[in-house]
Structure formats: structure tokens, C-alpha cells
>>> print(open('input20.pdb').read())   # PDB, C-alpha atoms and all ligand atoms
MODEL        1
ATOM      1  CA  MET A 848      90.153  78.958 102.540  1.00  0.00           C
ATOM      2  CA  PHE A 849      92.107  76.991 105.111  1.00  0.00           C
ATOM      3  CA  LEU A 850      90.166  74.148 106.692  1.00  0.00           C
ATOM      4  CA  ASP A 851      90.916  71.846 109.539  1.00  0.00           C
ATOM      5  CA  ARG A 852      90.052  68.226 108.742  1.00  0.00           C
ATOM      6  CA  ASP A 853      88.845  66.054 111.668  1.00  0.00           C
ATOM      7  CA  GLY A 854      85.857  67.599 113.434  1.00  0.00           C
ATOM      8  CA  THR A 855      85.446  70.243 110.732  1.00  0.00           C
ATOM      9  CA  LEU A 856      85.002  68.300 107.448  1.00  0.00           C
ATOM     10  CA  ASN A 857      84.607  64.762 108.793  1.00  0.00           C
ATOM     11  CA  VAL A 858      83.160  63.476 112.038  1.00  0.00           C
ATOM     12  CA  GLU A 859      85.770  63.356 114.820  1.00  0.00           C
ATOM     13  CA  LYS A 860      86.350  59.709 115.749  1.00  0.00           C
ATOM     14  CA  GLY A 861      89.934  59.894 117.042  1.00  0.00           C
ATOM     15  CA  TYR A 862      92.884  59.263 114.687  1.00  0.00           C
ATOM     16  CA  VAL A 863      90.831  58.708 111.523  1.00  0.00           C
ATOM     17  CA  HIS A 864      93.171  57.221 108.889  1.00  0.00           C
ATOM     18  CA  SER A 865      91.077  55.081 106.522  1.00  0.00           C
ATOM     19  CA  PRO A 866      88.092  55.639 104.194  1.00  0.00           C
ATOM     20  CA  GLU A 867      85.964  53.263 106.319  1.00  0.00           C
ATOM     21  CA  GLU A 868      86.220  55.732 109.215  1.00  0.00           C
ATOM     22  CA  TRP A 869      85.491  58.799 107.110  1.00  0.00           C
ATOM     23  CA  GLU A 870      82.047  60.316 107.639  1.00  0.00           C
ATOM     24  CA  TRP A 871      81.281  63.753 106.238  1.00  0.00           C
ATOM     25  CA  ILE A 872      79.870  66.333 108.598  1.00  0.00           C
ATOM     26  CA  PRO A 873      76.441  67.217 107.170  1.00  0.00           C
ATOM     27  CA  GLY A 874      76.717  70.128 104.737  1.00  0.00           C
ATOM     28  CA  ALA A 875      80.510  69.901 104.419  1.00  0.00           C
ATOM     29  CA  VAL A 876      80.593  68.825 100.760  1.00  0.00           C
ATOM     30  CA  GLU A 877      78.068  71.502  99.800  1.00  0.00           C
ATOM     31  CA  ALA A 878      80.152  74.123 101.658  1.00  0.00           C
ATOM     32  CA  LEU A 879      83.252  73.018  99.717  1.00  0.00           C
ATOM     33  CA  ARG A 880      81.334  73.294  96.441  1.00  0.00           C
ATOM     34  CA  ARG A 881      80.211  76.806  97.342  1.00  0.00           C
ATOM     35  CA  PHE A 882      83.754  77.863  98.242  1.00  0.00           C
ATOM     36  CA  ASN A 883      84.954  76.354  94.937  1.00  0.00           C
ATOM     37  CA  ARG A 884      82.358  78.397  93.029  1.00  0.00           C
ATOM     38  CA  ARG A 885      83.421  81.573  94.812  1.00  0.00           C
ATOM     39  CA  GLY A 886      86.954  80.987  93.527  1.00  0.00           C
ATOM     40  CA  PHE A 887      88.571  80.187  96.867  1.00  0.00           C
ATOM     41  CA  LYS A 888      91.532  77.840  96.872  1.00  0.00           C
ATOM     42  CA  ILE A 889      90.777  75.176  99.493  1.00  0.00           C
ATOM     43  CA  VAL A 890      93.637  73.960 101.667  1.00  0.00           C
ATOM     44  CA  VAL A 891      93.053  71.314 104.328  1.00  0.00           C
ATOM     45  CA  LEU A 892      95.557  71.367 107.204  1.00  0.00           C
ATOM     46  CA  SER A 893      95.644  68.761 109.926  1.00  0.00           C
ATOM     47  CA  ASN A 894      97.738  67.642 112.862  1.00  0.00           C
ATOM     48  CA  GLN A 895      98.271  63.890 112.478  1.00  0.00           C
ATOM     49  CA  SER A 896     100.214  62.978 115.590  1.00  0.00           C
ATOM     50  CA  GLY A 897      98.962  59.397 115.147  1.00  0.00           C
ATOM     51  CA  ILE A 898     101.971  59.051 112.817  1.00  0.00           C
ATOM     52  CA  ALA A 899     104.476  60.072 115.523  1.00  0.00           C
ATOM     53  CA  ARG A 900     102.621  57.847 117.986  1.00  0.00           C
ATOM     54  CA  GLY A 901     103.003  54.873 115.614  1.00  0.00           C
ATOM     55  CA  TYR A 902      99.246  54.312 115.157  1.00  0.00           C
ATOM     56  CA  PHE A 903      99.481  54.582 111.345  1.00  0.00           C
ATOM     57  CA  GLY A 904     101.869  55.781 108.662  1.00  0.00           C
ATOM     58  CA  ALA A 905     102.095  58.885 106.481  1.00  0.00           C
ATOM     59  CA  ALA A 906     101.218  56.622 103.530  1.00  0.00           C
ATOM     60  CA  ASP A 907      97.846  55.825 105.156  1.00  0.00           C
ATOM     61  CA  VAL A 908      97.099  59.544 105.452  1.00  0.00           C
ATOM     62  CA  GLU A 909      98.149  60.113 101.812  1.00  0.00           C
ATOM     63  CA  ARG A 910      95.894  57.258 100.677  1.00  0.00           C
ATOM     64  CA  LEU A 911      92.958  58.607 102.669  1.00  0.00           C
ATOM     65  CA  HIS A 912      93.421  62.069 101.168  1.00  0.00           C
ATOM     66  CA  ALA A 913      93.576  60.616  97.643  1.00  0.00           C
ATOM     67  CA  TRP A 914      90.314  58.809  98.382  1.00  0.00           C
ATOM     68  CA  VAL A 915      88.724  62.055  99.630  1.00  0.00           C
ATOM     69  CA  VAL A 916      89.798  63.809  96.410  1.00  0.00           C
ATOM     70  CA  ASP A 917      88.051  61.073  94.361  1.00  0.00           C
ATOM     71  CA  GLU A 918      84.937  61.222  96.531  1.00  0.00           C
ATOM     72  CA  LEU A 919      84.731  64.961  96.053  1.00  0.00           C
ATOM     73  CA  ALA A 920      85.309  64.743  92.294  1.00  0.00           C
ATOM     74  CA  ARG A 921      82.255  62.491  92.069  1.00  0.00           C
ATOM     75  CA  ARG A 922      80.287  65.136  93.931  1.00  0.00           C
ATOM     76  CA  ASP A 923      81.514  68.098  91.899  1.00  0.00           C
ATOM     77  CA  ALA A 924      83.696  69.577  94.637  1.00  0.00           C
ATOM     78  CA  LYS A 925      87.423  69.779  95.251  1.00  0.00           C
ATOM     79  CA  VAL A 926      90.198  70.432  97.725  1.00  0.00           C
ATOM     80  CA  ASP A 927      93.245  72.078  96.153  1.00  0.00           C
ATOM     81  CA  ALA A 928      95.833  70.798  98.632  1.00  0.00           C
ATOM     82  CA  PHE A 929      96.226  68.800 101.822  1.00  0.00           C
ATOM     83  CA  TYR A 930      98.984  69.382 104.363  1.00  0.00           C
ATOM     84  CA  PHE A 931      99.500  67.433 107.540  1.00  0.00           C
ATOM     85  CA  CYS A 932     101.902  67.527 110.455  1.00  0.00           C
ATOM     86  CA  PRO A 933     103.193  64.023 111.259  1.00  0.00           C
ATOM     87  CA  HIS A 934     104.860  65.096 114.523  1.00  0.00           C
ATOM     88  CA  GLY A 935     103.848  64.756 118.154  1.00  0.00           C
ATOM     89  CA  PRO A 936     103.206  67.523 120.703  1.00  0.00           C
ATOM     90  CA  GLY A 937     106.722  67.212 122.172  1.00  0.00           C
ATOM     91  CA  ASP A 938     108.632  67.241 118.883  1.00  0.00           C
ATOM     92  CA  GLY A 939     109.040  71.019 118.698  1.00  0.00           C
ATOM     93  CA  CYS A 940     108.226  71.188 114.979  1.00  0.00           C
ATOM     94  CA  GLU A 941     107.086  74.303 113.146  1.00  0.00           C
ATOM     95  CA  CYS A 942     104.086  72.664 111.476  1.00  0.00           C
ATOM     96  CA  ARG A 943     101.914  71.347 114.320  1.00  0.00           C
ATOM     97  CA  LYS A 944      99.039  73.789 114.890  1.00  0.00           C
ATOM     98  CA  PRO A 945      98.887  76.246 116.725  1.00  0.00           C
ATOM     99  CA  LYS A 946     102.165  76.922 114.895  1.00  0.00           C
ATOM    100  CA  PRO A 947     101.442  78.608 111.560  1.00  0.00           C
ATOM    101  CA  GLY A 948     103.972  76.518 109.553  1.00  0.00           C
ATOM    102  CA  MET A 949     101.459  74.687 107.353  1.00  0.00           C
ATOM    103  CA  LEU A 950      99.554  77.871 106.497  1.00  0.00           C
ATOM    104  CA  LEU A 951     102.760  79.714 105.617  1.00  0.00           C
ATOM    105  CA  ARG A 952     103.985  76.838 103.472  1.00  0.00           C
ATOM    106  CA  ALA A 953     100.662  76.544 101.645  1.00  0.00           C
ATOM    107  CA  ALA A 954     100.614  80.290 101.042  1.00  0.00           C
ATOM    108  CA  ARG A 955     104.075  80.055  99.466  1.00  0.00           C
ATOM    109  CA  ASP A 956     103.263  76.934  97.441  1.00  0.00           C
ATOM    110  CA  LEU A 957      99.942  78.203  96.094  1.00  0.00           C
ATOM    111  CA  GLY A 958     100.550  81.970  96.056  1.00  0.00           C
ATOM    112  CA  LEU A 959      97.802  82.775  98.576  1.00  0.00           C
ATOM    113  CA  ASP A 960      97.170  86.157 100.167  1.00  0.00           C
ATOM    114  CA  LEU A 961      96.950  85.366 103.901  1.00  0.00           C
ATOM    115  CA  SER A 962      95.276  88.679 104.710  1.00  0.00           C
ATOM    116  CA  ARG A 963      92.344  87.653 102.486  1.00  0.00           C
ATOM    117  CA  SER A 964      92.168  84.111 103.817  1.00  0.00           C
ATOM    118  CA  TRP A 965      90.076  82.342 106.433  1.00  0.00           C
ATOM    119  CA  MET A 966      90.707  79.322 108.615  1.00  0.00           C
ATOM    120  CA  ILE A 967      87.825  77.193 109.881  1.00  0.00           C
ATOM    121  CA  GLY A 968      88.440  74.705 112.686  1.00  0.00           C
ATOM    122  CA  ASP A 969      87.116  73.055 115.844  1.00  0.00           C
ATOM    123  CA  HIS A 970      90.202  73.515 118.058  1.00  0.00           C
ATOM    124  CA  ALA A 971      91.722  76.485 119.833  1.00  0.00           C
ATOM    125  CA  SER A 972      94.935  75.451 118.038  1.00  0.00           C
ATOM    126  CA  ASP A 973      93.234  76.161 114.679  1.00  0.00           C
ATOM    127  CA  VAL A 974      92.387  79.657 115.878  1.00  0.00           C
ATOM    128  CA  GLY A 975      95.944  80.070 117.191  1.00  0.00           C
ATOM    129  CA  ALA A 976      97.517  78.994 113.893  1.00  0.00           C
ATOM    130  CA  ALA A 977      95.208  81.313 111.947  1.00  0.00           C
ATOM    131  CA  ARG A 978      96.054  84.306 114.117  1.00  0.00           C
ATOM    132  CA  ALA A 979      99.776  83.579 113.978  1.00  0.00           C
ATOM    133  CA  ALA A 980      99.578  83.541 110.155  1.00  0.00           C
ATOM    134  CA  GLY A 981      97.420  86.678 109.880  1.00  0.00           C
ATOM    135  CA  VAL A 982      94.395  84.682 108.671  1.00  0.00           C
ATOM    136  CA  LYS A 983      90.838  85.325 109.906  1.00  0.00           C
ATOM    137  CA  PRO A 984      89.731  82.457 112.175  1.00  0.00           C
ATOM    138  CA  LEU A 985      86.229  80.993 112.346  1.00  0.00           C
ATOM    139  CA  PHE A 986      85.573  78.456 115.076  1.00  0.00           C
ATOM    140  CA  VAL A 987      82.999  75.675 114.649  1.00  0.00           C
ATOM    141  CA  LEU A 988      81.187  73.721 117.355  1.00  0.00           C
ATOM    142  CA  THR A 989      81.346  70.363 115.553  1.00  0.00           C
ATOM    143  CA  GLY A 990      84.073  67.855 116.539  1.00  0.00           C
ATOM    144  CA  HIS A 991      85.807  68.998 119.723  1.00  0.00           C
ATOM    145  CA  GLY A 992      84.255  72.462 119.440  1.00  0.00           C
ATOM    146  CA  ALA A 993      82.202  72.332 122.617  1.00  0.00           C
ATOM    147  CA  GLU A 994      85.180  71.215 124.771  1.00  0.00           C
ATOM    148  CA  GLU A 995      87.591  73.611 123.095  1.00  0.00           C
ATOM    149  CA  ARG A 996      85.380  76.691 123.270  1.00  0.00           C
ATOM    150  CA  PRO A 997      86.529  77.809 126.768  1.00  0.00           C
ATOM    151  CA  ARG A 998      90.133  77.965 125.456  1.00  0.00           C
ATOM    152  CA  LEU A 999      89.356  80.465 122.700  1.00  0.00           C
ATOM    153  CA  PRO A1000      90.780  83.964 122.703  1.00  0.00           C
ATOM    154  CA  GLU A1001      88.157  86.580 123.483  1.00  0.00           C
ATOM    155  CA  GLY A1002      86.250  87.792 120.446  1.00  0.00           C
ATOM    156  CA  THR A1003      86.635  84.606 118.377  1.00  0.00           C
ATOM    157  CA  VAL A1004      83.720  84.184 115.967  1.00  0.00           C
ATOM    158  CA  VAL A1005      81.860  80.929 116.756  1.00  0.00           C
ATOM    159  CA  MET A1006      79.607  79.116 114.262  1.00  0.00           C
ATOM    160  CA  ALA A1007      77.559  75.909 114.543  1.00  0.00           C
ATOM    161  CA  ASP A1008      79.352  74.131 111.699  1.00  0.00           C
ATOM    162  CA  ILE A1009      81.068  74.578 108.345  1.00  0.00           C
ATOM    163  CA  SER A1010      77.733  75.276 106.594  1.00  0.00           C
ATOM    164  CA  GLU A1011      77.033  78.244 108.805  1.00  0.00           C
ATOM    165  CA  ALA A1012      80.648  79.388 108.430  1.00  0.00           C
ATOM    166  CA  CYS A1013      80.238  79.233 104.655  1.00  0.00           C
ATOM    167  CA  GLU A1014      77.034  81.301 104.766  1.00  0.00           C
ATOM    168  CA  ARG A1015      78.679  83.838 107.031  1.00  0.00           C
ATOM    169  CA  ILE A1016      81.732  84.190 104.798  1.00  0.00           C
ATOM    170  CA  GLU A1017      79.532  84.590 101.702  1.00  0.00           C
ATOM    171  CA  LYS A1018      77.596  87.372 103.443  1.00  0.00           C
ATOM    172  CA  ASP A1019      80.777  89.144 104.452  1.00  0.00           C
ATOM    173  CA  LEU A1020      81.969  88.967 100.863  1.00  0.00           C
ATOM    174  CA  ILE A1021      78.748  90.386  99.534  1.00  0.00           C
ATOM    175  CA  TYR A1022      78.114  93.163 102.075  1.00  0.00           C
TER     176      TYR A1022
HETATM  177 MG    MG B   1      89.835  69.252 114.261  1.00  0.00          MG
HETATM  178 ZN    ZN B   2     104.935  69.080 112.592  1.00  0.00          ZN
ENDMDL
END
>>> encode(input="input20.pdb", output="C-alpha cells", more="lines below")
Ligand SMILES: [Mg+2]
Ligand SMILES: [Zn+2]
Amino acid sequence: MFLDRDGTLNVEKGYVHSPEEWEWIPGAVEALRRFNRRGFKIVVLSNQSGIARGYFGAADVERLHAWVVDELARRDAKVDAFYFCPHGPGDGCECRKPKPGMLLRAARDLGLDLSRSWMIGDHASDVGAARAAGVKPLFVLTGHGAEERPRLPEGTVVMADISEACERIEKDLIY
């Protein structure tokens, strides 16, 4: 299960990089717990161009992610791995979504089957990265979802939030 971070797991506030700014989207922790119980590996992938822009450092992002791991452990949930792209839009890297670099790297690192994976996100670039990697995209209307929706490829599955996405994925697994 590939998940975008800002606007999908935590409330989009623009360049979130400290625990004080972190606010869970309602139902997100429960959705993670349910994915954990289903046996999904959870990989969070985010574009963090705030690093390239000089707003904060990679170490701040690492510290925030370590804090999120601790928070989740207290609530009986876990993320298996975090990946982030530190580059800016003009840097021409292979990791900034909609490029599939982070998904491909995670699949190699963790031995994931991309054809049996999903990617949930609130940006057209999340959908683009998923499609480029051969992963099934699910778009959510939290975060920038409402503004991004017109940019989606036709036929993209749209859900209210990660809770609904979780329910939908569980149904598809069962039926
Ligand atoms: Mg996002
Ligand atoms: Zn990058």
C-alpha cells in the first residue's frame, strides 16, 4: 500500500516539517491499522520540495517521520517505510512524483509486487506516479483533492478520504 503523506494521512498545511504541525486526517490511523492487519506493507511517499527551496532540511523530515513512527506504535499501527523526494520541480530528478522513482525503489527494497499494489493520494501527480509504476491509483478528496480533481485522467477512482479508500480496497479484496 503506497500512500501519499500531506493531504492524505495528515492535514495539508503547506510544507509540514515538524510534529507541532502534524494533524492526522480523521480515520487515517484506523485505516493504517486495518491495512496492517490485512498484511499490506505500508510505504509513505512524499515530494518534499521544501528541502530544495531551503525551507527546512532532510534531517527535519527524518525527525518528523521518526516521530510519526512512535505515534503510530502507541496506537498499534505502523508504516513500514518512508521515502521522500528532496528535489524541486525544475531539478529533473527521477523521484519527484509523478515520476515513479520512489515506488520502483520501494518495490526493490521491500520486494513488493507492484501489480498487486495500490497508491492513495490527493494529487494528480500521485495518480500519475501510480500509473507509471503499474500500481492501482485511488484518489482522495482531502488535502488538495478538490483543486486537483479536474487534472485527473479519465476513469480515476475518487474517494472522500483514506477511510473510504480503505473500505473500498477491503471490499475489492473480499469480492
Ligand atoms: Mg498530498
Ligand atoms: Zn527527487
>>> residues_near_ligand(input="input20.pdb", ligand="ligand MG 1 (chain B)", cutoff="8 Å", atoms="all atoms listed in the file", output="MDAnalysis selection string")
chainID A and resid 851:855 859 893 968:970 973 990:991
>>> residues_near_ligand(input="input20.pdb", ligand="ligand ZN 2 (chain B)", cutoff="8 Å", atoms="only C-alpha atoms and all ligand atoms", output="list of chain:residue names")
A:Asn894, A:Phe931, A:Cys932, A:Pro933, A:His934, A:Gly935, A:Asp938, A:Gly939, A:Cys940, A:Glu941, A:Cys942, A:Arg943, A:Lys944
>>> resolve_selection(input="input20.pdb", expression="the PyMOL selection byres (((chain A and resi 877-882) around 7) and not hetatm)", output="list of chain:residue names")
A:Gly874, A:Ala875, A:Val876, A:Asn883, A:Arg884, A:Arg885, A:Gly886, A:Phe887, A:Asp923, A:Ala924, A:Lys925, A:Ile1009, A:Ser1010, A:Cys1013
>>> residues_around(input="input20.pdb", residues="region 978-988 of chain A", least_positions_apart="5", cutoff="8 Å", atoms="all atoms listed in the file", output="ChimeraX atom specification")
/A:855,945-947,950-951,961-970,973,993,996,1003-1009,1012
>>> closest_residue(input="input20.pdb", among="A:Val915, A:Val908, A:Ala953, A:Val890", to="Met848 (chain A)", atoms="all atoms listed in the file")
A:Val890
>>> axis_aligned_box(input="input20.pdb", around="region 954-962 of chain A", padding_each_side="3 Å", output="JSON")
{"center_x": 99.7, "center_y": 82.8, "center_z": 100.4, "size_x": 14.8, "size_y": 17.7, "size_z": 14.7}
>>> atom_distance(input="input20.pdb", atom1="CA of Ala977 (chain A)", atom2="CA of Glu909 (chain A)")
23.7 Å
>>> residues_around(input="input20.pdb", residues="Glu867 (chain A)", least_positions_apart="2", cutoff="12 Å", atoms="only C-alpha atoms", output="list in words")
Asn857, Lys860, Val863, His864, Ser865, Trp869, Glu870, Trp871, Leu911, Trp914 and Val915 of chain A
>>> atom_distance(input="input20.pdb", atom1="CA of Asp960 (chain A)", atom2="CA of Phe849 (chain A)")
11.6 Å
>>> resolve_selection(input="input20.pdb", expression="the PyMOL selection byres (((chain A and resi 900) around 12) and not hetatm)", output="list in words")
Tyr862, Gln895, Ser896, Gly897, Ile898, Ala899, Gly901, Tyr902, Phe903, Gly904, Ala905, Pro933, His934, Gly935, Pro936, Gly937 and Asp938 of chain A
>>> closest_residue(input="input20.pdb", among="A:Ala928, A:Leu999, A:Ala913, A:Ala906", to="Lys888 (chain A)", atoms="all atoms listed in the file")
A:Ala928
>>> atom_distance(input="input20.pdb", atom1="CA of Leu957 (chain A)", atom2="CA of Phe929 (chain A)")
11.6 Å
>>> closest_residue(input="input20.pdb", among="A:Glu868, A:Gly992, A:His912, A:Lys1018", to="Asp927 (chain A)", atoms="all atoms listed in the file")
A:His912
>>> closest_residue(input="input20.pdb", among="A:Asp917, A:Tyr930, A:Val891, A:Glu1011", to="Thr989 (chain A)", atoms="all atoms listed in the file")
A:Glu1011
